[in-house]
There are 2 protein chains.
Amino acid sequence: MLHYICNMGVIRKTKSVVALLNEFNTSSGAISVITLIDRLSSEFNKTTIYRVLDRLEEDGVLHSFLGKSGLKWYAKCSGCSADKHNDLHPHFQCLDCGRVDCLAVDVTLPEIPNRKIEVSQLLIQGKCEQCFA
Amino acid sequence: MLHYICNMGVIRKTKSVVALLNEFNTSSGAISVITLIDRLSSEFNKTTIYRVLDRLEEDGVLHSFLGKSGLKWYAKCSGCSADKHNDLHPHFQCLDCGRVDCLAVDVTLPEIPNRKIEVSQLLIQGKCEQCFA
DNA sequence: TTTGTTATTGCAACTATGTTGCATTATATT
DNA sequence: AATATAATGCAACATAGTTGCAATAACAAA
């Protein structure tokens, strides 16, 4: 059940951690914090949800990014650890159904003279596979 | 002085419009809404500032995007009108000084099968020309 | 210049997302 | 079982942005 609890550092296997990991294991794609709070706020305080997500991100289990309108989303990391983060893939948000996915695609950033690139965030919007009829 | 008031549709030349356009004419680069409110809130209500920025964007005078942490930024449009928006350039945010600029660079988006791309937002972060010693 | 239309503004109250401090509880270690 | 401390809940707070509405200002037309 807890596929992602392996080398989780200082994270304890609490009910909220289990419940949140379960959310990400039973659905592909990314989930917004708002959605998680909607689903779990009868069981857990929203502060707890924010903090557990923080910890899971620190440990490389999840990664976060901002969707359109600045809301925070989380998704399972593939190939990330607490040491190294592979967050540089783009995210795709469907303008019809709202679904958000990680794209397993390499982005070639443009050459920018005299600047040092450290992070990049690429959010692509359009119609997803289901809504693109 | 009012370089950008030309074909402004239904926009009236009010004091707040003049003041906001002046901010963008006296500085290159993008300005966050928060900064604009800081600078102008003794003269204008923040609601007014939000609404004028909205209108200027609708008219193609400014364009907006979200910086890191989801804050809204505005910058002068070059080559935009109320009809057509050329927002697809990336934005660069300096992690040292906080400065944000539009990059005059074409981005080649990756090919994504079975999806229709409508918008994309690319935020690059690192060290800007000044801070990159 | 005056008048009339309506776009624009200020204000106050509100919404929504996210954060903080602290006392209490639960987890893992010994 | 005892202990150390990570994790939680709660309440209060912080911040960005929005809404409704009455008052005001900009512009066009007379």
# chains A, B, ... in the order shown; residues from 1 in each chain; ligands from 1

$ calpha_fit_and_write --fixed "chain A" --moving "chain B" --output "tab-separated table (two decimals) with C-alpha atoms, in the first residue's frame"
chain	number	residue	atom	x	y	z
B	1	MET	CA	-0.05	-0.04	-0.15
B	2	LEU	CA	2.61	2.42	0.89
B	3	HIS	CA	4.67	2.16	-2.23
B	4	TYR	CA	6.48	5.37	-1.54
B	5	ILE	CA	7.45	4.93	2.07
B	6	CYS	CA	10.92	3.54	1.80
B	7	ASN	CA	13.77	5.87	2.63
B	8	MET	CA	11.67	8.62	3.98
B	9	GLY	CA	14.16	10.24	6.28
B	10	VAL	CA	12.54	11.71	9.35
B	11	ILE	CA	8.98	11.26	8.11
B	12	ARG	CA	6.74	9.19	10.33
B	13	LYS	CA	4.04	6.94	8.97
B	14	THR	CA	1.10	8.85	10.36
B	15	LYS	CA	-2.50	8.56	9.25
B	16	SER	CA	-2.30	11.78	7.29
B	17	VAL	CA	0.82	10.68	5.44
B	18	VAL	CA	-0.82	7.40	4.53
B	19	ALA	CA	-4.00	9.11	3.40
B	20	LEU	CA	-2.18	11.63	1.24
B	21	LEU	CA	0.06	9.04	-0.38
B	22	ASN	CA	-3.04	7.00	-1.08
B	23	GLU	CA	-4.52	9.92	-2.99
B	24	PHE	CA	-1.50	10.05	-5.25
B	25	ASN	CA	-1.36	6.28	-5.67
B	26	THR	CA	-4.98	5.93	-6.71
B	27	SER	CA	-4.83	8.62	-9.38
B	28	SER	CA	-2.37	9.46	-12.05
B	29	GLY	CA	-1.81	13.11	-12.72
B	30	ALA	CA	-1.33	16.01	-10.39
B	31	ILE	CA	-3.66	17.07	-7.57
B	32	SER	CA	-4.13	20.60	-6.32
B	33	VAL	CA	-3.82	21.34	-2.63
B	34	ILE	CA	-7.36	22.69	-2.73
B	35	THR	CA	-8.66	19.36	-4.00
B	36	LEU	CA	-6.76	17.48	-1.33
B	37	ILE	CA	-8.20	19.72	1.37
B	38	ASP	CA	-11.68	19.21	-0.08
B	39	ARG	CA	-11.25	15.45	0.06
B	40	LEU	CA	-9.52	15.13	3.39
B	41	SER	CA	-10.52	18.05	5.57
B	42	SER	CA	-13.11	15.96	7.43
B	43	GLU	CA	-10.27	13.74	8.59
B	44	PHE	CA	-7.36	16.17	8.88
B	45	ASN	CA	-6.77	19.81	9.51
B	46	LYS	CA	-5.74	21.80	6.48
B	47	THR	CA	-2.58	22.90	8.28
B	48	THR	CA	-1.62	19.27	8.57
B	49	ILE	CA	-2.25	18.71	4.88
B	50	TYR	CA	-0.02	21.64	3.94
B	51	ARG	CA	2.71	20.42	6.27
B	52	VAL	CA	2.64	16.80	5.17
B	53	LEU	CA	2.84	17.88	1.54
B	54	ASP	CA	5.82	20.05	2.43
B	55	ARG	CA	7.58	17.12	4.02
B	56	LEU	CA	6.80	14.75	1.19
B	57	GLU	CA	8.25	17.25	-1.23
B	58	GLU	CA	11.39	17.71	0.87
B	59	ASP	CA	11.84	13.96	0.83
B	60	GLY	CA	11.50	13.78	-2.93
B	61	VAL	CA	8.27	11.79	-2.86
B	62	LEU	CA	6.21	14.57	-4.41
B	63	HIS	CA	7.03	17.69	-6.35
B	64	SER	CA	5.01	20.86	-6.51
B	65	PHE	CA	4.37	23.55	-9.07
B	66	LEU	CA	1.93	26.38	-9.66
B	67	GLY	CA	-0.96	25.97	-12.04
B	68	LYS	CA	-2.79	28.75	-13.82
B	69	SER	CA	-4.10	31.29	-11.32
B	70	GLY	CA	-1.26	30.53	-8.96
B	71	LEU	CA	-2.75	27.54	-7.18
B	72	LYS	CA	-0.34	24.96	-5.85
B	73	TRP	CA	-0.35	21.44	-7.30
B	74	TYR	CA	1.49	18.32	-6.29
B	75	ALA	CA	2.42	15.23	-8.26
B	76	LYS	CA	4.37	12.06	-7.64
B	77	CYS	CA	8.05	12.32	-8.41
B	78	SER	CA	9.56	9.73	-10.67
B	79	GLY	CA	13.27	9.49	-10.24
B	80	CYS	CA	13.54	12.05	-7.47
B	81	SER	CA	15.05	11.77	-4.02
B	82	ALA	CA	15.60	14.12	-1.13
B	83	ASP	CA	19.01	14.91	-2.63
B	84	LYS	CA	18.21	15.49	-6.24
B	85	HIS	CA	15.08	16.86	-7.84
B	86	ASN	CA	14.07	16.31	-11.43
B	87	ASP	CA	11.43	18.99	-11.65
B	88	LEU	CA	12.30	20.38	-15.00
B	89	HIS	CA	9.58	18.65	-16.97
B	90	PRO	CA	6.63	20.73	-18.20
B	91	HIS	CA	3.13	20.44	-16.83
B	92	PHE	CA	-0.02	20.38	-18.88
B	93	GLN	CA	-3.29	21.84	-17.68
B	94	CYS	CA	-6.49	21.12	-19.60
B	95	LEU	CA	-8.58	24.24	-20.06
B	96	ASP	CA	-11.73	22.13	-20.44
B	97	CYS	CA	-11.68	19.60	-17.61
B	98	GLY	CA	-8.98	21.14	-15.42
B	99	ARG	CA	-6.88	17.99	-15.32
B	100	VAL	CA	-3.16	18.54	-14.81
B	101	ASP	CA	-0.41	16.12	-15.83
B	102	CYS	CA	3.33	15.94	-15.84
B	103	LEU	CA	4.72	15.65	-19.36
B	104	ALA	CA	7.58	13.23	-19.82
B	105	VAL	CA	9.24	15.54	-22.28
B	106	ASP	CA	12.59	17.26	-22.34
B	107	VAL	CA	12.49	20.99	-22.75
B	108	THR	CA	15.31	22.74	-24.50
B	109	LEU	CA	15.62	26.15	-22.97
B	110	PRO	CA	16.64	29.01	-25.19
B	111	GLU	CA	20.18	30.34	-24.90
B	112	ILE	CA	20.25	33.44	-22.73
B	113	PRO	CA	23.46	35.44	-22.76
B	114	ASN	CA	24.86	36.76	-19.47
B	115	ARG	CA	22.37	34.97	-17.28
B	116	LYS	CA	22.57	31.83	-15.26
B	117	ILE	CA	19.55	29.59	-15.44
B	118	GLU	CA	18.83	27.73	-12.24
B	119	VAL	CA	15.18	26.72	-12.39
B	120	SER	CA	12.49	26.81	-15.00
B	121	GLN	CA	8.81	26.24	-14.88
B	122	LEU	CA	6.84	25.53	-18.02
B	123	LEU	CA	3.08	25.35	-17.86
B	124	ILE	CA	1.32	24.42	-21.06
B	125	GLN	CA	-2.42	24.81	-21.40
B	126	GLY	CA	-4.86	23.46	-23.91
B	127	LYS	CA	-7.01	20.40	-24.45
B	128	CYS	CA	-5.99	17.11	-22.88
B	129	GLU	CA	-6.20	13.68	-24.49
B	130	GLN	CA	-9.76	13.10	-23.30
B	131	CYS	CA	-11.13	16.51	-24.16
B	132	PHE	CA	-9.32	16.73	-27.51
B	133	ALA	CA	-11.95	15.01	-29.65

$ closest_atom_pairs --of "chain D" --to "chain B" --cutoff "10 Å" --atoms "only C-alpha atoms (C1' of nucleotides)" --output "JSON lines"
{"residue": "D:DA16", "atom": "C1'", "partner": "B:Leu71", "partner_atom": "CA", "distance": 7.9}
{"residue": "D:DG17", "atom": "C1'", "partner": "B:Tyr50", "partner_atom": "CA", "distance": 8.4}
{"residue": "D:DT18", "atom": "C1'", "partner": "B:Thr47", "partner_atom": "CA", "distance": 8.5}
{"residue": "D:DA25", "atom": "C1'", "partner": "B:Thr14", "partner_atom": "CA", "distance": 8.3}
{"residue": "D:DA26", "atom": "C1'", "partner": "B:Arg12", "partner_atom": "CA", "distance": 6.6}
{"residue": "D:DC27", "atom": "C1'", "partner": "B:Arg12", "partner_atom": "CA", "distance": 8.2}

$ write_last_selection --atoms "C-alpha atoms (C1' of nucleotides)" --output "PDB file, in the first residue's frame"
ATOM      1  C1'  DA D  16      -3.548  38.703  -2.617  1.00  0.00           C
ATOM      2  C1'  DG D  17      -7.210  39.622  -4.895  1.00  0.00           C
ATOM      3  C1'  DT D  18     -12.582  40.404  -5.610  1.00  0.00           C
ATOM      4  C1'  DA D  25     -15.085  62.265 -13.147  1.00  0.00           C
ATOM      5  C1'  DA D  26     -14.321  61.921 -18.236  1.00  0.00           C
ATOM      6  C1'  DC D  27     -16.011  62.594 -22.532  1.00  0.00           C
TER       7       DC D  27
END

$ select_by_dssp --residues "chain A" --states "strand (DSSP E or B)" --output "PDB file with N, CA and C atoms, in the first residue's frame"
ATOM      1  N   ILE A  31      -2.521  16.717  -8.370  1.00  0.00           N
ATOM      2  CA  ILE A  31      -3.685  17.074  -7.563  1.00  0.00           C
ATOM      3  C   ILE A  31      -3.394  18.406  -6.896  1.00  0.00           C
ATOM      4  N   SER A  32      -4.356  19.301  -6.950  1.00  0.00           N
ATOM      5  CA  SER A  32      -4.150  20.603  -6.310  1.00  0.00           C
ATOM      6  C   SER A  32      -4.361  20.488  -4.806  1.00  0.00           C
ATOM      7  N   LEU A  62       7.046  13.737  -3.547  1.00  0.00           N
ATOM      8  CA  LEU A  62       6.187  14.545  -4.409  1.00  0.00           C
ATOM      9  C   LEU A  62       6.982  15.753  -4.908  1.00  0.00           C
ATOM     10  N   HIS A  63       6.485  16.359  -5.970  1.00  0.00           N
ATOM     11  CA  HIS A  63       7.009  17.676  -6.332  1.00  0.00           C
ATOM     12  C   HIS A  63       5.839  18.609  -6.543  1.00  0.00           C
ATOM     13  N   SER A  64       6.082  19.892  -6.396  1.00  0.00           N
ATOM     14  CA  SER A  64       4.999  20.857  -6.509  1.00  0.00           C
ATOM     15  C   SER A  64       5.290  21.853  -7.617  1.00  0.00           C
ATOM     16  N   PHE A  65       4.228  22.488  -8.053  1.00  0.00           N
ATOM     17  CA  PHE A  65       4.360  23.548  -9.048  1.00  0.00           C
ATOM     18  C   PHE A  65       3.089  24.371  -8.993  1.00  0.00           C
ATOM     19  N   LEU A  66       3.108  25.514  -9.665  1.00  0.00           N
ATOM     20  CA  LEU A  66       1.936  26.380  -9.656  1.00  0.00           C
ATOM     21  C   LEU A  66       1.181  26.243 -10.951  1.00  0.00           C
ATOM     22  N   LYS A  72      -1.402  25.910  -5.980  1.00  0.00           N
ATOM     23  CA  LYS A  72      -0.331  24.933  -5.848  1.00  0.00           C
ATOM     24  C   LYS A  72      -0.827  23.528  -6.151  1.00  0.00           C
ATOM     25  N   TRP A  73      -0.060  22.818  -6.942  1.00  0.00           N
ATOM     26  CA  TRP A  73      -0.357  21.439  -7.303  1.00  0.00           C
ATOM     27  C   TRP A  73       0.794  20.545  -6.887  1.00  0.00           C
ATOM     28  N   TYR A  74       0.463  19.296  -6.610  1.00  0.00           N
ATOM     29  CA  TYR A  74       1.484  18.300  -6.297  1.00  0.00           C
ATOM     30  C   TYR A  74       1.318  17.101  -7.216  1.00  0.00           C
ATOM     31  N   ALA A  75       2.424  16.440  -7.485  1.00  0.00           N
ATOM     32  CA  ALA A  75       2.390  15.194  -8.256  1.00  0.00           C
ATOM     33  C   ALA A  75       3.498  14.291  -7.757  1.00  0.00           C
ATOM     34  N   LYS A  76       3.312  13.003  -8.020  1.00  0.00           N
ATOM     35  CA  LYS A  76       4.334  12.041  -7.651  1.00  0.00           C
ATOM     36  C   LYS A  76       5.617  12.319  -8.415  1.00  0.00           C
ATOM     37  N   HIS A  91       4.444  20.905 -17.264  1.00  0.00           N
ATOM     38  CA  HIS A  91       3.142  20.427 -16.808  1.00  0.00           C
ATOM     39  C   HIS A  91       2.069  20.910 -17.768  1.00  0.00           C
ATOM     40  N   PHE A  92       1.065  20.082 -17.903  1.00  0.00           N
ATOM     41  CA  PHE A  92       0.007  20.372 -18.864  1.00  0.00           C
ATOM     42  C   PHE A  92      -1.330  20.485 -18.139  1.00  0.00           C
ATOM     43  N   GLN A  93      -1.980  21.615 -18.318  1.00  0.00           N
ATOM     44  CA  GLN A  93      -3.274  21.839 -17.673  1.00  0.00           C
ATOM     45  C   GLN A  93      -4.351  21.947 -18.736  1.00  0.00           C
ATOM     46  N   CYS A  94      -5.380  21.103 -18.603  1.00  0.00           N
ATOM     47  CA  CYS A  94      -6.462  21.118 -19.592  1.00  0.00           C
ATOM     48  C   CYS A  94      -7.420  22.260 -19.279  1.00  0.00           C
ATOM     49  N   VAL A 100      -4.541  18.117 -14.665  1.00  0.00           N
ATOM     50  CA  VAL A 100      -3.156  18.531 -14.804  1.00  0.00           C
ATOM     51  C   VAL A 100      -2.253  17.308 -14.790  1.00  0.00           C
ATOM     52  N   ASP A 101      -1.339  17.236 -15.728  1.00  0.00           N
ATOM     53  CA  ASP A 101      -0.416  16.107 -15.818  1.00  0.00           C
ATOM     54  C   ASP A 101       1.022  16.585 -15.951  1.00  0.00           C
ATOM     55  N   CYS A 102       1.927  15.719 -15.542  1.00  0.00           N
ATOM     56  CA  CYS A 102       3.330  15.914 -15.840  1.00  0.00           C
ATOM     57  C   CYS A 102       3.584  15.396 -17.244  1.00  0.00           C
ATOM     58  N   LYS A 116      22.418  33.301 -15.734  1.00  0.00           N
ATOM     59  CA  LYS A 116      22.595  31.930 -15.308  1.00  0.00           C
ATOM     60  C   LYS A 116      21.227  31.335 -14.971  1.00  0.00           C
ATOM     61  N   ILE A 117      20.866  30.314 -15.685  1.00  0.00           N
ATOM     62  CA  ILE A 117      19.574  29.669 -15.459  1.00  0.00           C
ATOM     63  C   ILE A 117      19.696  28.671 -14.320  1.00  0.00           C
ATOM     64  N   GLU A 118      18.825  28.789 -13.336  1.00  0.00           N
ATOM     65  CA  GLU A 118      18.861  27.834 -12.239  1.00  0.00           C
ATOM     66  C   GLU A 118      17.618  26.953 -12.202  1.00  0.00           C
ATOM     67  N   VAL A 119      16.460  27.562 -12.404  1.00  0.00           N
ATOM     68  CA  VAL A 119      15.218  26.809 -12.378  1.00  0.00           C
ATOM     69  C   VAL A 119      14.378  27.257 -13.564  1.00  0.00           C
ATOM     70  N   SER A 120      13.493  26.387 -14.001  1.00  0.00           N
ATOM     71  CA  SER A 120      12.521  26.848 -14.983  1.00  0.00           C
ATOM     72  C   SER A 120      11.210  26.133 -14.751  1.00  0.00           C
ATOM     73  N   GLN A 121      10.172  26.830 -15.060  1.00  0.00           N
ATOM     74  CA  GLN A 121       8.850  26.265 -14.873  1.00  0.00           C
ATOM     75  C   GLN A 121       8.037  26.499 -16.121  1.00  0.00           C
ATOM     76  N   LEU A 122       7.620  25.407 -16.742  1.00  0.00           N
ATOM     77  CA  LEU A 122       6.870  25.525 -17.987  1.00  0.00           C
ATOM     78  C   LEU A 122       5.487  24.931 -17.810  1.00  0.00           C
ATOM     79  N   LEU A 123       4.501  25.781 -17.929  1.00  0.00           N
ATOM     80  CA  LEU A 123       3.111  25.339 -17.841  1.00  0.00           C
ATOM     81  C   LEU A 123       2.457  25.504 -19.199  1.00  0.00           C
ATOM     82  N   ILE A 124       2.003  24.392 -19.733  1.00  0.00           N
ATOM     83  CA  ILE A 124       1.349  24.406 -21.034  1.00  0.00           C
ATOM     84  C   ILE A 124      -0.134  24.194 -20.823  1.00  0.00           C
ATOM     85  N   GLN A 125      -0.937  24.950 -21.546  1.00  0.00           N
ATOM     86  CA  GLN A 125      -2.382  24.799 -21.400  1.00  0.00           C
ATOM     87  C   GLN A 125      -3.033  24.516 -22.742  1.00  0.00           C
ATOM     88  N   GLY A 126      -4.091  23.768 -22.688  1.00  0.00           N
ATOM     89  CA  GLY A 126      -4.805  23.440 -23.913  1.00  0.00           C
ATOM     90  C   GLY A 126      -5.850  22.375 -23.655  1.00  0.00           C
ATOM     91  N   LYS A 127      -6.009  21.481 -24.613  1.00  0.00           N
ATOM     92  CA  LYS A 127      -6.977  20.394 -24.451  1.00  0.00           C
ATOM     93  C   LYS A 127      -6.229  19.091 -24.224  1.00  0.00           C
TER      94      LYS A 127
END

$ residues_around --residues "DT3 in chain C" --least-positions-apart "6" --cutoff "12 Å" --atoms "only C-alpha atoms (C1' of nucleotides)" --output "list in words"
DC27, DA28, DA29 and DA30 of chain D

$ residues_around --residues "DT24 in chain D" --least-positions-apart "5" --cutoff "12 Å" --atoms "only C-alpha atoms (C1' of nucleotides)" --output "ChimeraX atom specification"
/B:14 /C:6-10

$ write_last_selection --atoms "C-alpha atoms (C1' of nucleotides)" --output "CSV table (one decimal), in the first residue's frame"
chain,number,residue,atom,x,y,z
B,14,THR,CA,-7.9,59.2,-15.9
C,6,DT,C1',-21.7,56.2,-18.4
C,7,DA,C1',-17.0,54.7,-17.4
C,8,DT,C1',-14.3,55.0,-13.4
C,9,DT,C1',-13.4,55.4,-8.5
C,10,DG,C1',-13.2,54.7,-3.4

$ closest_atom_pairs --of "chain C" --to "chain A" --cutoff "12 Å" --atoms "only C-alpha atoms (C1' of nucleotides)" --output "CSV"
residue,atom,partner,partner_atom,distance
C:DA16,C1',A:Ile34,CA,10.1
C:DT17,C1',A:Leu71,CA,7.9
C:DG18,C1',A:Tyr50,CA,8.4
C:DT19,C1',A:Thr47,CA,8.5
C:DT20,C1',A:Thr47,CA,10.1
C:DT25,C1',A:Thr14,CA,11.8
C:DA26,C1',A:Thr14,CA,8.2
C:DT27,C1',A:Arg12,CA,6.6
C:DA28,C1',A:Arg12,CA,8.0

$ decode --residues "range 4-30 of chain D" --atoms "N, CA and C atoms (P, O5', C5', C4', C3', O3' and C1' of nucleotides)" --output "compact mmCIF listing (two decimals), in the first residue's frame"
# COMPACT_ATOMS: atom_id res chain seq x y z
P DA D 4 13.91 12.06 27.85
O5' DA D 4 13.91 12.24 26.26
C5' DA D 4 14.84 11.50 25.48
C4' DA D 4 14.55 11.73 24.01
C3' DA D 4 14.42 13.19 23.60
O3' DA D 4 15.05 13.34 22.32
C1' DA D 4 12.41 12.07 23.08
P DT D 5 15.27 14.84 21.73
O5' DT D 5 14.21 14.95 20.55
C5' DT D 5 14.03 13.87 19.65
C4' DT D 5 12.71 14.04 18.92
C3' DT D 5 12.36 15.50 18.56
O3' DT D 5 11.71 15.53 17.32
C1' DT D 5 10.60 14.53 19.61
P DA D 6 12.38 16.05 15.96
O5' DA D 6 11.43 15.42 14.86
C5' DA D 6 11.33 14.02 14.75
C4' DA D 6 9.92 13.62 14.38
C3' DA D 6 9.27 14.49 13.31
O3' DA D 6 8.53 13.61 12.48
C1' DA D 6 7.94 14.54 15.26
P DA D 7 7.70 14.18 11.24
O5' DA D 7 6.26 14.41 11.84
C5' DA D 7 5.53 13.29 12.32
C4' DA D 7 4.18 13.73 12.82
C3' DA D 7 3.39 14.63 11.88
O3' DA D 7 2.14 14.00 11.65
C1' DA D 7 3.40 15.51 14.08
P DT D 8 1.02 14.68 10.80
O5' DT D 8 0.10 15.34 11.91
C5' DT D 8 -0.62 14.49 12.79
C4' DT D 8 -1.43 15.34 13.75
C3' DT D 8 -2.41 16.29 13.07
O3' DT D 8 -3.73 15.83 13.35
C1' DT D 8 -1.22 17.35 14.85
P DG D 9 -4.98 16.46 12.62
O5' DG D 9 -5.46 17.55 13.68
C5' DG D 9 -5.69 17.13 15.01
C4' DG D 9 -6.15 18.31 15.85
C3' DG D 9 -7.17 19.21 15.16
O3' DG D 9 -8.16 19.53 16.13
C1' DG D 9 -5.25 20.48 15.77
P DC D 10 -9.53 20.23 15.72
O5' DC D 10 -9.32 21.72 16.27
C5' DC D 10 -8.79 21.91 17.58
C4' DC D 10 -8.27 23.32 17.73
C3' DC D 10 -9.12 24.38 17.00
O3' DC D 10 -9.61 25.31 17.94
C1' DC D 10 -6.80 24.74 16.70
P DA D 11 -10.87 26.24 17.55
O5' DA D 11 -10.27 27.67 17.88
C5' DA D 11 -9.22 27.80 18.83
C4' DA D 11 -8.37 29.01 18.47
C3' DA D 11 -9.16 30.11 17.76
O3' DA D 11 -8.75 31.37 18.24
C1' DA D 11 -7.31 29.50 16.46
P DA D 12 -9.48 32.73 17.77
O5' DA D 12 -8.34 33.83 17.98
C5' DA D 12 -7.00 33.42 18.26
C4' DA D 12 -6.07 33.84 17.14
C3' DA D 12 -6.51 35.08 16.35
O3' DA D 12 -5.57 36.12 16.57
C1' DA D 12 -5.67 33.37 14.90
P DC D 13 -5.72 37.59 15.85
O5' DC D 13 -4.73 37.47 14.61
C5' DC D 13 -3.42 36.96 14.82
C4' DC D 13 -2.80 36.61 13.49
C3' DC D 13 -2.83 37.77 12.49
O3' DC D 13 -1.49 38.20 12.31
C1' DC D 13 -3.33 35.65 11.47
P DA D 14 -1.21 39.59 11.48
O5' DA D 14 -0.88 39.02 10.04
C5' DA D 14 0.10 38.00 9.90
C4' DA D 14 0.29 37.71 8.42
C3' DA D 14 0.15 38.96 7.55
O3' DA D 14 1.28 39.02 6.70
C1' DA D 14 -1.33 37.25 6.80
P DT D 15 1.54 40.31 5.79
O5' DT D 15 0.98 39.86 4.37
C5' DT D 15 1.32 38.58 3.88
C4' DT D 15 0.49 38.28 2.67
C3' DT D 15 0.27 39.50 1.76
O3' DT D 15 0.74 39.14 0.48
C1' DT D 15 -1.74 38.32 2.11
P DA D 16 0.90 40.28 -0.68
O5' DA D 16 -0.20 39.74 -1.70
C5' DA D 16 -0.13 38.37 -2.08
C4' DA D 16 -1.32 38.05 -2.95
C3' DA D 16 -1.66 39.10 -4.00
O3' DA D 16 -1.90 38.41 -5.23
C1' DA D 16 -3.55 38.70 -2.62
P DG D 17 -2.15 39.26 -6.54
O5' DG D 17 -3.73 39.32 -6.60
C5' DG D 17 -4.45 38.09 -6.59
C4' DG D 17 -5.89 38.37 -6.26
C3' DG D 17 -6.60 39.38 -7.17
O3' DG D 17 -7.57 38.68 -7.91
C1' DG D 17 -7.21 39.62 -4.90
P DT D 18 -8.60 39.42 -8.87
O5' DT D 18 -9.92 39.48 -7.96
C5' DT D 18 -10.39 38.29 -7.36
C4' DT D 18 -11.77 38.55 -6.78
C3' DT D 18 -12.73 39.30 -7.70
O3' DT D 18 -13.95 38.59 -7.70
C1' DT D 18 -12.58 40.40 -5.61
P DT D 19 -15.13 38.99 -8.70
O5' DT D 19 -16.17 39.79 -7.77
C5' DT D 19 -16.47 39.27 -6.49
C4' DT D 19 -17.52 40.14 -5.83
C3' DT D 19 -18.41 40.92 -6.79
O3' DT D 19 -19.75 40.83 -6.33
C1' DT D 19 -17.38 42.41 -5.28
P DG D 20 -20.98 41.24 -7.26
O5' DG D 20 -21.68 42.37 -6.37
C5' DG D 20 -21.66 42.25 -4.95
C4' DG D 20 -22.27 43.49 -4.32
C3' DG D 20 -23.23 44.28 -5.21
O3' DG D 20 -24.22 44.84 -4.36
C1' DG D 20 -21.34 45.63 -4.72
P DC D 21 -25.49 45.59 -4.98
O5' DC D 21 -25.19 47.11 -4.57
C5' DC D 21 -24.61 47.40 -3.31
C4' DC D 21 -24.19 48.85 -3.26
C3' DC D 21 -24.97 49.76 -4.22
O3' DC D 21 -25.23 50.99 -3.58
C1' DC D 21 -22.69 50.01 -4.61
P DA D 22 -26.55 51.87 -3.98
O5' DA D 22 -26.20 53.30 -3.37
C5' DA D 22 -25.45 53.39 -2.15
C4' DA D 22 -24.35 54.43 -2.31
C3' DA D 22 -24.83 55.75 -2.95
O3' DA D 22 -24.25 56.83 -2.24
C1' DA D 22 -23.02 54.87 -4.19
P DA D 23 -24.48 58.37 -2.67
O5' DA D 23 -23.08 58.81 -3.28
C5' DA D 23 -21.93 58.77 -2.45
C4' DA D 23 -20.71 59.17 -3.25
C3' DA D 23 -20.81 60.55 -3.93
O3' DA D 23 -19.55 61.20 -3.80
C1' DA D 23 -20.36 58.91 -5.56
P DT D 24 -19.35 62.73 -4.31
O5' DT D 24 -18.40 62.51 -5.58
C5' DT D 24 -17.25 61.71 -5.45
C4' DT D 24 -16.65 61.50 -6.83
C3' DT D 24 -16.47 62.79 -7.64
O3' DT D 24 -15.10 62.88 -7.95
C1' DT D 24 -17.42 61.07 -8.96
P DA D 25 -14.48 64.26 -8.60
O5' DA D 25 -14.05 63.72 -10.02
C5' DA D 25 -13.42 62.46 -10.12
C4' DA D 25 -13.36 62.03 -11.57
C3' DA D 25 -12.97 63.12 -12.55
O3' DA D 25 -12.13 62.53 -13.51
C1' DA D 25 -15.09 62.26 -13.15
P DA D 26 -11.23 63.42 -14.49
O5' DA D 26 -11.73 62.85 -15.89
C5' DA D 26 -11.58 61.46 -16.13
C4' DA D 26 -12.30 61.09 -17.41
C3' DA D 26 -11.98 61.98 -18.60
O3' DA D 26 -11.73 61.12 -19.71
C1' DA D 26 -14.32 61.92 -18.24
P DC D 27 -11.00 61.70 -21.02
O5' DC D 27 -12.22 61.83 -22.04
C5' DC D 27 -13.00 60.67 -22.30
C4' DC D 27 -14.34 61.08 -22.85
C3' DC D 27 -14.28 62.01 -24.05
O3' DC D 27 -14.71 61.29 -25.19
C1' DC D 27 -16.01 62.59 -22.53
P DA D 28 -14.66 62.01 -26.68
O5' DA D 28 -16.22 62.11 -27.02
C5' DA D 28 -17.11 61.11 -26.53
C4' DA D 28 -18.55 61.53 -26.77
C3' DA D 28 -18.77 62.32 -28.05
O3' DA D 28 -20.04 61.96 -28.59
C1' DA D 28 -19.38 63.65 -26.20
P DA D 29 -20.45 62.50 -30.08
O5' DA D 29 -21.89 63.12 -29.84
C5' DA D 29 -22.58 62.85 -28.62
C4' DA D 29 -23.57 63.97 -28.33
C3' DA D 29 -23.94 64.84 -29.54
O3' DA D 29 -25.32 65.14 -29.47
C1' DA D 29 -23.08 66.20 -27.82
P DA D 30 -25.99 66.04 -30.67
O5' DA D 30 -26.55 67.28 -29.87
C5' DA D 30 -27.22 67.06 -28.63
C4' DA D 30 -27.36 68.37 -27.87
C3' DA D 30 -27.92 69.52 -28.72
O3' DA D 30 -28.87 70.24 -27.96
C1' DA D 30 -25.83 70.14 -27.80
